[in-house]
$ cat data-v4.tsv   # TSV, C-alpha atoms and all ligand atoms
chain	number	residue	atom	x	y	z
K	156	MET	CA	10.05	9.49	6.19
K	157	ARG	CA	13.12	9.49	8.48
K	158	PHE	CA	11.89	12.76	10.04
K	159	PHE	CA	8.45	11.24	10.63
K	160	THR	CA	9.99	8.09	12.19
K	161	SER	CA	12.16	10.19	14.56
K	162	VAL	CA	9.23	12.42	15.63
K	163	HIS	CA	7.00	9.37	16.01
K	164	LEU	CA	9.57	7.56	18.19
K	165	LEU	CA	10.23	10.71	20.23
K	166	LEU	CA	6.52	11.20	20.94
K	167	LEU	CA	6.08	7.54	21.78
K	168	THR	CA	9.03	7.61	24.20
K	169	TYR	CA	7.63	10.78	25.78
K	170	ILE	CA	4.18	9.22	26.27
K	171	ILE	CA	5.67	6.02	27.76
K	172	ALA	CA	7.91	8.10	30.07
K	173	ILE	CA	4.86	10.12	31.24
K	174	ILE	CA	2.90	6.93	31.94
K	175	VAL	CA	5.82	5.45	33.92
K	176	PHE	CA	6.18	8.76	35.81
K	177	TRP	CA	2.44	8.71	36.68
K	178	GLY	CA	2.78	5.11	37.81
K	179	ILE	CA	5.68	5.95	40.15
K	180	SER	CA	3.83	9.02	41.57
K	181	LEU	CA	0.69	7.01	42.19
K	182	GLN	CA	2.75	4.28	43.87
K	183	LYS	CA	4.32	6.90	46.21
K	184	GLN	CA	0.91	8.45	46.97
K	185	ASN	CA	-0.54	5.03	47.66
K	186	THR	CA	2.26	4.25	50.15
K	187	ARG	CA	1.76	7.63	51.84
K	188	ILE	CA	-2.02	7.11	52.13
K	189	HIS	CA	-1.39	3.67	53.58
K	190	GLU	CA	1.06	5.06	56.17
K	191	LEU	CA	-1.41	7.81	57.17
K	192	GLN	CA	-4.22	5.27	57.53
K	193	LEU	CA	-1.88	3.07	59.58
K	194	ASN	CA	-1.00	5.93	61.92
K	195	THR	CA	-4.69	6.81	62.35
K	196	LEU	CA	-5.46	3.17	63.11
K	197	ARG	CA	-2.64	3.00	65.70
K	198	SER	CA	-3.91	6.18	67.40
K	199	GLN	CA	-7.50	4.90	67.46
K	200	VAL	CA	-7.07	1.21	68.31
K	201	ASP	CA	-4.70	-0.15	70.89
K	202	SER	CA	-3.25	-3.34	69.42
K	203	THR	CA	-2.42	-4.85	72.84
K	204	GLN	CA	-5.91	-4.20	74.25
K	205	TYR	CA	-7.92	-5.10	71.13
K	206	PRO	CA	-5.65	-7.34	69.02
K	207	ALA	CA	-8.49	-8.93	67.02
K	208	ILE	CA	-10.04	-5.56	65.99
K	209	TYR	CA	-6.56	-4.19	65.20
K	210	ALA	CA	-5.67	-7.20	63.04
K	211	ARG	CA	-8.98	-6.98	61.13
K	212	SER	CA	-8.56	-3.22	60.49
K	213	LEU	CA	-4.97	-3.78	59.40
K	214	GLU	CA	-6.12	-6.47	56.96
K	215	THR	CA	-8.75	-4.07	55.54
K	216	LEU	CA	-6.10	-1.36	55.07
K	217	LYS	CA	-3.77	-3.80	53.28
K	218	HIS	CA	-6.61	-4.96	51.08
K	219	SER	CA	-7.61	-1.41	50.05
K	220	ARG	CA	-3.93	-0.64	49.33
K	221	SER	CA	-3.66	-3.68	47.04
K	222	ALA	CA	-6.97	-2.73	45.35
K	223	ARG	CA	-5.65	0.78	44.62
K	224	THR	CA	-2.39	-0.66	43.23
K	225	ALA	CA	-4.28	-3.12	41.02
K	226	GLN	CA	-6.52	-0.28	39.74
K	227	TYR	CA	-3.78	2.07	38.60
K	228	VAL	CA	-1.53	-0.69	37.27
K	229	GLY	CA	-4.48	-2.12	35.27
K	230	GLU	CA	-5.61	1.24	33.92
K	231	GLY	CA	-2.04	2.26	33.11
K	232	ALA	CA	-1.34	-1.00	31.26
K	233	THR	CA	-4.59	-0.73	29.23
K	234	PHE	CA	-3.75	2.88	28.36
K	235	LEU	CA	-0.23	1.86	27.33
K	236	ILE	CA	-1.48	-1.00	25.14
K	237	VAL	CA	-4.04	1.29	23.43
K	238	ILE	CA	-1.33	3.91	22.82
K	239	LEU	CA	1.06	1.28	21.38
K	240	ILE	CA	-1.62	-0.18	19.07
K	241	GLY	CA	-2.53	3.35	17.92
K	242	ALA	CA	1.13	4.17	17.29
K	243	VAL	CA	1.64	1.01	15.20
K	244	VAL	CA	-1.53	1.71	13.16
K	245	VAL	CA	-0.55	5.34	12.54
K	246	TYR	CA	3.01	4.37	11.60
K	247	THR	CA	2.06	1.59	9.15
K	248	SER	CA	-0.68	3.60	7.43
K	249	PHE	CA	1.52	6.68	7.16
K	250	SER	CA	4.50	4.76	5.77
K	251	ARG	CA	2.17	2.98	3.28
K	252	ARG	CA	0.90	6.37	2.14
K	253	ILE	CA	4.40	7.74	1.75
K	254	ARG	CA	5.47	4.64	-0.22
K	255	LEU	CA	2.45	4.92	-2.51
K	256	SER	CA	2.90	8.63	-3.09
K	257	ARG	CA	6.60	8.06	-3.87
K	258	GLN	CA	5.67	5.35	-6.36
K	259	GLN	CA	3.01	7.60	-7.91
K	260	ASN	CA	5.55	10.37	-8.17
K	261	ASN	CA	7.98	8.01	-9.90
K	262	PHE	CA	5.11	6.94	-12.14
K	263	MET	CA	4.33	10.53	-13.14
K	264	LEU	CA	8.02	11.18	-13.86
K	265	SER	CA	8.30	8.04	-15.99
K	266	VAL	CA	5.01	8.60	-17.80
K	267	THR	CA	5.95	12.14	-18.67
K	268	HIS	CA	9.26	10.90	-20.05
K	269	GLU	CA	7.69	7.88	-21.77
K	270	LEU	CA	5.12	10.07	-23.50
K	271	LYS	CA	7.44	12.89	-24.42
K	272	SER	CA	10.42	10.96	-25.76
K	273	PRO	CA	8.63	8.97	-28.53
K	274	ILE	CA	6.68	12.08	-29.57
K	275	ALA	CA	9.93	14.07	-29.77
K	276	ALA	CA	11.63	11.27	-31.75
K	277	ILE	CA	8.74	10.95	-34.23
K	278	LYS	CA	8.61	14.72	-34.69
K	279	LEU	CA	12.33	14.89	-35.38
K	280	ASN	CA	12.16	12.02	-37.90
K	281	LEU	CA	9.24	13.66	-39.74
K	282	GLN	CA	11.01	17.05	-39.79
K	283	THR	CA	14.15	15.40	-41.21
K	284	LEU	CA	12.06	13.70	-43.90
K	285	GLU	CA	10.36	17.00	-44.75
K	286	LYS	CA	13.46	19.19	-44.89
K	287	HIS	CA	16.06	16.95	-46.51
K	288	GLN	CA	16.30	15.02	-49.73
K	289	LEU	CA	17.22	11.56	-48.46
K	290	ASN	CA	17.93	8.31	-50.24
K	291	GLU	CA	15.47	5.40	-49.94
K	292	ASP	CA	17.49	3.55	-47.29
K	293	LYS	CA	17.68	6.57	-45.01
K	294	LYS	CA	13.96	7.29	-45.50
K	295	LYS	CA	13.08	3.70	-44.60
K	296	GLN	CA	15.30	3.84	-41.52
K	297	LEU	CA	13.58	7.00	-40.26
K	298	LEU	CA	10.12	5.60	-40.98
K	299	ASP	CA	10.99	2.32	-39.19
K	300	ARG	CA	12.19	4.24	-36.16
K	301	SER	CA	9.01	6.33	-36.13
K	302	ILE	CA	6.85	3.20	-36.32
K	303	LYS	CA	8.83	1.67	-33.43
K	304	GLU	CA	8.30	4.80	-31.34
K	305	SER	CA	4.58	4.99	-32.13
K	306	ASN	CA	4.25	1.30	-31.18
K	307	ARG	CA	5.81	2.12	-27.82
K	308	LEU	CA	3.42	5.01	-27.39
K	309	ASN	CA	0.51	2.78	-28.34
K	310	ASP	CA	1.53	0.08	-25.81
K	311	LEU	CA	1.88	2.67	-23.07
K	312	CYS	CA	-1.55	4.21	-23.77
K	313	ASN	CA	-3.14	0.75	-23.88
K	314	ASN	CA	-1.57	-0.18	-20.55
K	315	MET	CA	-2.68	3.03	-18.88
K	316	LEU	CA	-6.19	2.77	-20.28
K	317	LEU	CA	-6.56	-0.87	-19.30
K	318	ALA	CA	-5.19	-0.22	-15.81
K	319	SER	CA	-7.79	2.47	-15.15
K	320	GLN	CA	-10.60	0.39	-16.70
K	321	MET	CA	-9.69	-2.65	-14.62
K	322	GLU	CA	-9.42	-0.54	-11.50
K	323	GLY	CA	-12.91	0.88	-12.07
K	324	GLY	CA	-14.27	-2.60	-12.90
K	325	MET	CA	-15.25	-1.26	-16.33
K	326	TYR	CA	-13.41	-3.78	-18.49
K	327	LYS	CA	-15.55	-6.74	-19.55
K	328	MET	CA	-13.31	-9.67	-20.37
K	329	ALA	CA	-14.17	-11.57	-23.55
K	330	ARG	CA	-14.38	-15.35	-23.34
K	331	GLU	CA	-13.96	-16.79	-26.81
K	332	PRO	CA	-11.95	-19.75	-28.08
K	333	PHE	CA	-8.79	-18.92	-30.02
K	334	ASP	CA	-5.40	-20.36	-30.91
K	335	LEU	CA	-2.86	-19.30	-28.28
K	336	SER	CA	0.05	-20.74	-30.30
K	337	GLU	CA	-0.81	-18.45	-33.22
K	338	LEU	CA	-1.18	-15.44	-30.95
K	339	ILE	CA	2.27	-16.01	-29.40
K	340	GLU	CA	3.89	-16.68	-32.79
K	341	ASP	CA	2.42	-13.43	-34.17
K	342	ALA	CA	3.55	-11.43	-31.14
K	343	VAL	CA	7.10	-12.84	-31.30
K	344	GLU	CA	7.25	-12.27	-35.07
K	345	ASP	CA	6.22	-8.66	-34.54
K	346	TYR	CA	9.06	-8.20	-32.07
K	347	ALA	CA	11.51	-10.13	-34.26
K	348	ILE	CA	10.87	-7.60	-37.06
K	349	ARG	CA	11.49	-4.71	-34.70
K	350	TYR	CA	14.51	-6.40	-33.08
K	351	PRO	CA	16.11	-8.66	-35.69
K	352	ARG	CA	18.18	-11.71	-34.53
K	353	ARG	CA	17.13	-11.28	-30.89
K	354	PHE	CA	14.31	-13.82	-30.58
K	355	GLY	CA	14.34	-17.59	-30.69
K	356	GLN	CA	11.08	-19.49	-30.41
K	357	ASP	CA	9.87	-23.04	-29.86
K	358	ILE	CA	6.06	-22.90	-29.88
K	359	THR	CA	3.93	-26.06	-29.66
K	360	GLY	CA	1.22	-25.61	-32.29
K	361	GLY	CA	-2.56	-25.96	-31.97
K	362	CYS	CA	-2.92	-24.83	-28.35
K	363	LYS	CA	-6.54	-23.67	-28.05
K	364	ILE	CA	-7.82	-21.75	-25.07
K	365	ALA	CA	-10.89	-19.66	-24.21
K	366	GLY	CA	-10.29	-16.09	-23.12
K	367	ASP	CA	-9.66	-12.53	-24.12
K	368	LYS	CA	-7.28	-12.43	-27.07
K	369	VAL	CA	-6.62	-8.68	-26.86
K	370	MET	CA	-5.74	-8.83	-23.18
K	371	LEU	CA	-3.52	-11.87	-23.54
K	372	HIS	CA	-1.77	-10.23	-26.49
K	373	MET	CA	-1.03	-7.28	-24.25
K	374	ALA	CA	0.27	-9.56	-21.45
K	375	ILE	CA	2.61	-11.37	-23.88
K	376	ASN	CA	3.79	-8.06	-25.35
K	377	ASN	CA	4.60	-6.78	-21.85
K	378	LEU	CA	6.86	-9.80	-21.20
K	379	LEU	CA	8.58	-9.47	-24.59
K	380	GLU	CA	9.02	-5.73	-24.12
K	381	ASN	CA	10.60	-6.26	-20.67
K	382	ALA	CA	12.89	-8.99	-22.00
K	383	ILE	CA	14.18	-6.55	-24.62
K	384	LYS	CA	14.36	-3.64	-22.22
K	385	TYR	CA	16.30	-5.41	-19.45
K	386	THR	CA	18.65	-7.48	-21.63
K	387	PRO	CA	21.87	-6.23	-23.27
K	388	GLY	CA	21.64	-5.92	-27.05
K	389	ASP	CA	23.85	-8.92	-27.86
K	390	LYS	CA	22.01	-11.51	-25.74
K	391	PRO	CA	19.24	-13.71	-27.19
K	392	ILE	CA	15.72	-14.09	-25.81
K	393	SER	CA	13.87	-17.37	-26.04
K	394	VAL	CA	10.10	-17.89	-26.08
K	395	THR	CA	8.61	-21.36	-25.64
K	396	LEU	CA	5.10	-22.76	-25.39
K	397	ASP	CA	4.41	-26.27	-24.07
K	398	ILE	CA	1.27	-28.11	-23.10
K	399	LYS	CA	1.51	-30.08	-19.85
K	400	ASN	CA	-1.37	-31.63	-17.86
K	401	ASN	CA	-4.00	-29.55	-19.66
K	402	ASN	CA	-2.03	-26.35	-19.05
K	403	ALA	CA	-0.41	-24.09	-21.59
K	404	ILE	CA	3.02	-23.08	-20.30
K	405	LEU	CA	4.53	-19.97	-21.86
K	406	CYS	CA	8.13	-19.14	-20.92
K	407	VAL	CA	10.02	-15.98	-21.82
K	408	LYS	CA	13.71	-16.43	-20.97
K	409	ASP	CA	16.23	-13.62	-21.10
K	410	GLN	CA	19.87	-13.25	-20.12
K	411	GLY	CA	19.49	-9.75	-18.79
K	412	THR	CA	20.03	-8.06	-15.47
K	413	GLY	CA	17.90	-10.57	-13.56
K	414	ILE	CA	15.68	-9.75	-10.58
K	415	PRO	CA	16.88	-10.04	-6.96
K	416	ASP	CA	14.95	-12.63	-4.90
K	417	ASN	CA	13.54	-10.02	-2.51
K	418	GLU	CA	12.06	-8.07	-5.45
K	419	LYS	CA	10.47	-11.01	-7.27
K	420	LYS	CA	7.07	-10.64	-5.60
K	421	LYS	CA	7.06	-6.85	-5.52
K	422	ILE	CA	7.49	-6.39	-9.29
K	423	PHE	CA	3.84	-7.40	-9.79
K	424	ASN	CA	2.65	-4.48	-7.64
K	425	LYS	CA	1.18	-1.41	-9.30
K	426	PHE	CA	3.80	1.24	-10.23
K	427	TYR	CA	6.58	-0.87	-8.70
K	428	ARG	CA	9.99	-0.62	-10.36
K	429	VAL	CA	13.26	-2.09	-9.07
K	430	GLY	CA	15.69	0.61	-7.87
K	431	ASN	CA	14.93	4.32	-7.92
K	432	GLU	CA	14.51	7.00	-10.59
K	433	GLU	CA	18.06	8.31	-10.15
K	434	SER	CA	19.85	4.95	-10.46
K	435	ARG	CA	17.60	3.36	-13.10
K	436	LYS	CA	18.77	3.39	-16.69
K	437	SER	CA	15.64	2.05	-18.37
K	438	LYS	CA	12.40	3.98	-18.44
K	439	GLY	CA	9.03	2.48	-17.68
K	440	THR	CA	5.88	2.92	-15.65
K	441	GLY	CA	5.72	-0.12	-13.36
K	442	LEU	CA	2.34	-1.00	-14.88
K	443	GLY	CA	3.30	-3.78	-17.31
K	444	LEU	CA	3.71	-6.70	-14.90
K	445	TYR	CA	0.88	-5.47	-12.67
K	446	LEU	CA	-1.48	-5.70	-15.66
K	447	THR	CA	0.03	-8.93	-16.95
K	448	ASN	CA	-0.54	-10.56	-13.56
K	449	LYS	CA	-4.14	-9.29	-13.44
K	450	ILE	CA	-4.86	-10.54	-16.96
K	451	VAL	CA	-3.40	-13.99	-16.19
K	452	LEU	CA	-5.38	-14.22	-12.93
K	453	GLN	CA	-8.58	-13.32	-14.80
K	454	HIS	CA	-7.88	-16.30	-17.05
K	455	LYS	CA	-7.53	-18.50	-13.94
K	456	GLY	CA	-3.82	-18.88	-14.62
K	457	ARG	CA	-0.70	-17.84	-12.74
K	458	ILE	CA	2.52	-16.03	-13.53
K	459	THR	CA	5.85	-16.73	-11.85
K	460	VAL	CA	9.40	-15.49	-12.22
K	461	ARG	CA	12.62	-17.36	-11.53
K	462	ASN	CA	16.32	-16.95	-12.25
K	463	ASN	CA	17.67	-18.01	-15.61
K	464	THR	CA	21.10	-19.64	-15.82
K	465	PRO	CA	23.73	-18.26	-15.95
K	466	THR	CA	22.00	-14.83	-15.79
K	467	GLY	CA	18.65	-13.22	-16.41
K	468	SER	CA	15.06	-14.16	-15.68
K	469	VAL	CA	12.42	-16.64	-16.78
K	470	PHE	CA	8.83	-15.42	-16.73
K	471	GLU	CA	6.38	-18.31	-16.88
K	472	ILE	CA	2.65	-18.00	-17.56
K	473	CYS	CA	0.54	-21.07	-16.92
K	474	LEU	CA	-2.99	-21.04	-18.39
K	475	PRO	CA	-5.64	-23.77	-18.32
K	476	VAL	CA	-6.23	-25.12	-21.83
U	501	LIG	P1	8.36	-1.21	-16.22
U	501	LIG	O1	9.17	-2.15	-17.08
U	501	LIG	O2	7.53	-0.27	-17.00
U	501	LIG	O3	9.20	-0.55	-15.18
U	501	LIG	P2	6.97	-3.58	-15.29
U	501	LIG	O4	5.77	-3.69	-14.42
U	501	LIG	O5	6.89	-4.20	-16.62
U	501	LIG	O6	7.30	-2.05	-15.37
U	501	LIG	O7	8.19	-4.21	-14.52
U	501	LIG	C1	8.40	-3.88	-13.16
U	501	LIG	C2	9.89	-3.96	-12.81
U	501	LIG	O8	10.31	-5.33	-12.87
U	501	LIG	C3	10.77	-3.24	-13.79
U	501	LIG	O9	10.94	-1.90	-13.42
U	501	LIG	C4	12.08	-4.01	-13.70
U	501	LIG	O10	12.85	-3.50	-12.63
U	501	LIG	C5	11.64	-5.43	-13.33
U	501	LIG	N1	11.65	-6.32	-14.50
U	501	LIG	C6	10.58	-6.70	-15.26
U	501	LIG	N2	10.94	-7.56	-16.22
U	501	LIG	C7	12.27	-7.75	-16.08
U	501	LIG	C8	13.25	-8.55	-16.78
U	501	LIG	N3	12.92	-9.31	-17.82
U	501	LIG	N4	14.53	-8.51	-16.34
U	501	LIG	C9	14.88	-7.74	-15.29
U	501	LIG	N5	14.00	-6.97	-14.58
U	501	LIG	C10	12.72	-6.97	-14.97
$ encode --input "data-v4.tsv" --output "structure tokens"
Amino acid sequence: MRFFTSVHLLLLTYIIAIIVFWGISLQKQNTRIHELQLNTLRSQVDSTQYPAIYARSLETLKHSRSARTAQYVGEGATFLIVILIGAVVVYTSFSRRIRLSRQQNNFMLSVTHELKSPIAAIKLNLQTLEKHQLNEDKKKQLLDRSIKESNRLNDLCNNMLLASQMEGGMYKMAREPFDLSELIEDAVEDYAIRYPRRFGQDITGGCKIAGDKVMLHMAINNLLENAIKYTPGDKPISVTLDIKNNNAILCVKDQGTGIPDNEKKKIFNKFYRVGNEESRKSKGTGLGLYLTNKIVLQHKGRITVRNNTPTGSVFEICLPV
């Protein structure tokens, strides 16, 4: 990217220098033509004998000189403006392409890791179960871990599938009434089993909405998964549901790493992840919040993120009841 920017700037400077050089040459030529015409006029018309004719011819010469100046200055300026617009268009579209391809590259790296690591973990657990005589506790521990890993794999596949279906306009959203409070309670309970003593909840009961239960389940799971992923193991996560002015307000509050203000909007972009592959500790695909935002928008709701106090983030989903 830096190489492209340098070459781009170099070319642009070269083109501008050439245009300025042409302008100066034309200006010199114009002055020379004017002087030649003036000399010819002086040799042909005697200014003392025919002052009126001389003055008129002189005026004509001055006029044609100004017309020539206006022509090359106008054409040069138009040319320069077109070149500058072209340069800006080329630069922005090229840098957008580079950014996208970098994000896609990151995505491929993360997906490969995300797919391989749970498969490797499940395989290892099964091989241990097969080869060794283990006590019940140890067996249960290995089976629990395998279930956790296969859940992760399942979430990832669902996200990828849904992203491509939504992109192709193939997903038809259901619109049926269901109990949002129950859905959130179930999702949190599921996570509380997988991550004991991490979740606290305060869910207002009986919140009915019309929409796609499967999609909303996925959106809630994405928020819970992120809260776990970006929060240190000893910090609690709180999930609340309130009803205000005919809106269901779901909040997922964590005390994790938090999100810098300049990243808050970007995290909803496809494949976007804060930081870069080298510095990031957690693995992911940058699809979760992109999909969550899409799902919420399809339900005519909105999702926002703000800072939690003293640390962490609060993700808030507001859905019409
Ligand atoms: P993924 O988690 O797979 O990277 P997401 O789309 O779910 O993708 O999230 C995008 C980015 O937003 C993450 O990479 C992370 O940097 C940031 N993020 C999301 N949720 C949180 C959170 N609860 N705390 C801190 N950062 C978060």
$ residues_near_ligand --input "data-v4.tsv" --ligand "ligand LIG 501 (chain U)" --cutoff "7 Å" --atoms "all atoms listed in the file" --output "PDB file with C-alpha atoms, in the coordinates of the input"
ATOM      1  CA  ASN K 377       4.600  -6.780 -21.850  1.00  0.00           C
ATOM      2  CA  LEU K 378       6.860  -9.800 -21.200  1.00  0.00           C
ATOM      3  CA  ASN K 381      10.600  -6.260 -20.670  1.00  0.00           C
ATOM      4  CA  ALA K 382      12.890  -8.990 -22.000  1.00  0.00           C
ATOM      5  CA  TYR K 385      16.300  -5.410 -19.450  1.00  0.00           C
ATOM      6  CA  THR K 386      18.650  -7.480 -21.630  1.00  0.00           C
ATOM      7  CA  ASP K 409      16.230 -13.620 -21.100  1.00  0.00           C
ATOM      8  CA  GLY K 411      19.490  -9.750 -18.790  1.00  0.00           C
ATOM      9  CA  THR K 412      20.030  -8.060 -15.470  1.00  0.00           C
ATOM     10  CA  GLY K 413      17.900 -10.570 -13.560  1.00  0.00           C
ATOM     11  CA  ILE K 414      15.680  -9.750 -10.580  1.00  0.00           C
ATOM     12  CA  ILE K 422       7.490  -6.390  -9.290  1.00  0.00           C
ATOM     13  CA  PHE K 423       3.840  -7.400  -9.790  1.00  0.00           C
ATOM     14  CA  PHE K 426       3.800   1.240 -10.230  1.00  0.00           C
ATOM     15  CA  TYR K 427       6.580  -0.870  -8.700  1.00  0.00           C
ATOM     16  CA  ARG K 428       9.990  -0.620 -10.360  1.00  0.00           C
ATOM     17  CA  VAL K 429      13.260  -2.090  -9.070  1.00  0.00           C
ATOM     18  CA  GLY K 430      15.690   0.610  -7.870  1.00  0.00           C
ATOM     19  CA  LYS K 438      12.400   3.980 -18.440  1.00  0.00           C
ATOM     20  CA  GLY K 439       9.030   2.480 -17.680  1.00  0.00           C
ATOM     21  CA  THR K 440       5.880   2.920 -15.650  1.00  0.00           C
ATOM     22  CA  GLY K 441       5.720  -0.120 -13.360  1.00  0.00           C
ATOM     23  CA  LEU K 442       2.340  -1.000 -14.880  1.00  0.00           C
ATOM     24  CA  GLY K 443       3.300  -3.780 -17.310  1.00  0.00           C
ATOM     25  CA  LEU K 444       3.710  -6.700 -14.900  1.00  0.00           C
ATOM     26  CA  TYR K 445       0.880  -5.470 -12.670  1.00  0.00           C
ATOM     27  CA  GLY K 467      18.650 -13.220 -16.410  1.00  0.00           C
ATOM     28  CA  SER K 468      15.060 -14.160 -15.680  1.00  0.00           C
TER      29      SER K 468
END
$ residues_around --input "data-v4.tsv" --residues "Arg353 in chain K" --least-positions-apart "2" --cutoff "6 Å" --atoms "all atoms listed in the file" --output "JSON, numbers by chain"
{"K": [350, 351, 391, 392]}
$ atom_distance --input "data-v4.tsv" --atom1 "CA of Gly231 in chain K" --atom2 "CA of Ile173 in chain K"
10.6 Å
$ residues_around --input "data-v4.tsv" --residues "range 327-343 of chain K" --least-positions-apart "4" --cutoff "10 Å" --atoms "all atoms listed in the file" --output "ChimeraX atom specification"
/K:320-321,347-350,354-373,375-376,379,393-397,403,405,450,453-454,476
$ residues_around --input "data-v4.tsv" --residues "His163 in chain K" --least-positions-apart "2" --cutoff "12 Å" --atoms "all atoms listed in the file" --output "list in words"
Met156, Arg157, Phe158, Phe159, Thr160, Ser161, Leu165, Leu166, Leu167, Thr168, Tyr169, Ile170, Leu239, Gly241, Ala242, Val243, Val244, Val245, Tyr246, Thr247, Phe249 and Ser250 of chain K
$ closest_atom_pairs --input "data-v4.tsv" --of "range 159-180 of chain K" --to "range 185-196 of chain K" --cutoff "12 Å" --atoms "all atoms listed in the file" --output "Markdown table"
| residue | atom | partner | partner_atom | distance |
| --- | --- | --- | --- | --- |
| K:Trp177 | CA | K:Asn185 | CA | 12.0 |
| K:Gly178 | CA | K:Asn185 | CA | 10.4 |
| K:Ile179 | CA | K:Asn185 | CA | 9.8 |
| K:Ser180 | CA | K:Asn185 | CA | 8.5 |
$ write_last_selection --input "data-v4.tsv" --atoms "C-alpha atoms" --output "short mmCIF file (atom, residue, chain, number, x, y, z; two decimals), keeping the file's coordinate frame"
data_model
loop_
_atom_site.label_atom_id
_atom_site.label_comp_id
_atom_site.auth_asym_id
_atom_site.auth_seq_id
_atom_site.Cartn_x
_atom_site.Cartn_y
_atom_site.Cartn_z
CA TRP K 177 2.44 8.71 36.68
CA GLY K 178 2.78 5.11 37.81
CA ILE K 179 5.68 5.95 40.15
CA SER K 180 3.83 9.02 41.57
#
$ atom_distance --input "data-v4.tsv" --atom1 "CA of Lys293 in chain K" --atom2 "CA of Leu279 in chain K"
13.8 Å
$ axis_aligned_box --input "data-v4.tsv" --around "range 292-306 of chain K" --padding-each-side "3 Å" --output "lines of an AutoDock Vina configuration file"
center_x = 11.0
center_y = 4.3
center_z = -39.2
size_x = 19.4
size_y = 12.0
size_z = 22.1
$ atom_distance --input "data-v4.tsv" --atom1 "CA of Lys449 in chain K" --atom2 "CA of Cys406 in chain K"
17.4 Å
$ closest_residue --input "data-v4.tsv" --among "K:Lys271, K:Lys419, K:Arg211, K:Lys295" --to "Leu311 in chain K" --atoms "all atoms listed in the file"
K:Lys271
$ decode --input "data-v4.tsv" --residues "range 312-323 of chain K" --atoms "N, CA and C atoms" --output "CSV table (one decimal), in the first residue's frame"
chain,number,residue,atom,x,y,z
K,312,CYS,N,-20.1,-22.5,11.5
K,312,CYS,CA,-20.7,-22.9,10.3
K,312,CYS,C,-22.0,-22.2,10.0
K,313,ASN,N,-22.9,-22.0,11.1
K,313,ASN,CA,-24.1,-21.3,10.9
K,313,ASN,C,-23.9,-19.9,10.5
K,314,ASN,N,-22.9,-19.2,11.1
K,314,ASN,CA,-22.6,-17.8,10.7
K,314,ASN,C,-22.2,-17.7,9.3
K,315,MET,N,-21.3,-18.6,8.9
K,315,MET,CA,-20.8,-18.6,7.5
K,315,MET,C,-21.9,-18.8,6.5
K,316,LEU,N,-22.7,-19.8,6.8
K,316,LEU,CA,-23.8,-20.2,5.9
K,316,LEU,C,-24.8,-19.0,5.8
K,317,LEU,N,-25.2,-18.4,7.0
K,317,LEU,CA,-26.1,-17.4,7.0
K,317,LEU,C,-25.6,-16.1,6.2
K,318,ALA,N,-24.3,-15.9,6.4
K,318,ALA,CA,-23.7,-14.7,5.8
K,318,ALA,C,-23.8,-14.9,4.3
K,319,SER,N,-23.5,-16.1,3.8
K,319,SER,CA,-23.6,-16.2,2.3
K,319,SER,C,-25.0,-16.2,1.8
K,320,GLN,N,-25.9,-16.8,2.6
K,320,GLN,CA,-27.3,-16.8,2.2
K,320,GLN,C,-27.9,-15.3,2.2
K,321,MET,N,-27.5,-14.6,3.2
K,321,MET,CA,-28.0,-13.2,3.2
K,321,MET,C,-27.5,-12.4,2.1
K,322,GLU,N,-26.2,-12.6,1.8
K,322,GLU,CA,-25.5,-11.9,0.7
K,322,GLU,C,-26.2,-12.2,-0.6
K,323,GLY,N,-26.6,-13.4,-0.8
K,323,GLY,CA,-27.2,-13.8,-2.1
K,323,GLY,C,-28.7,-13.5,-2.1
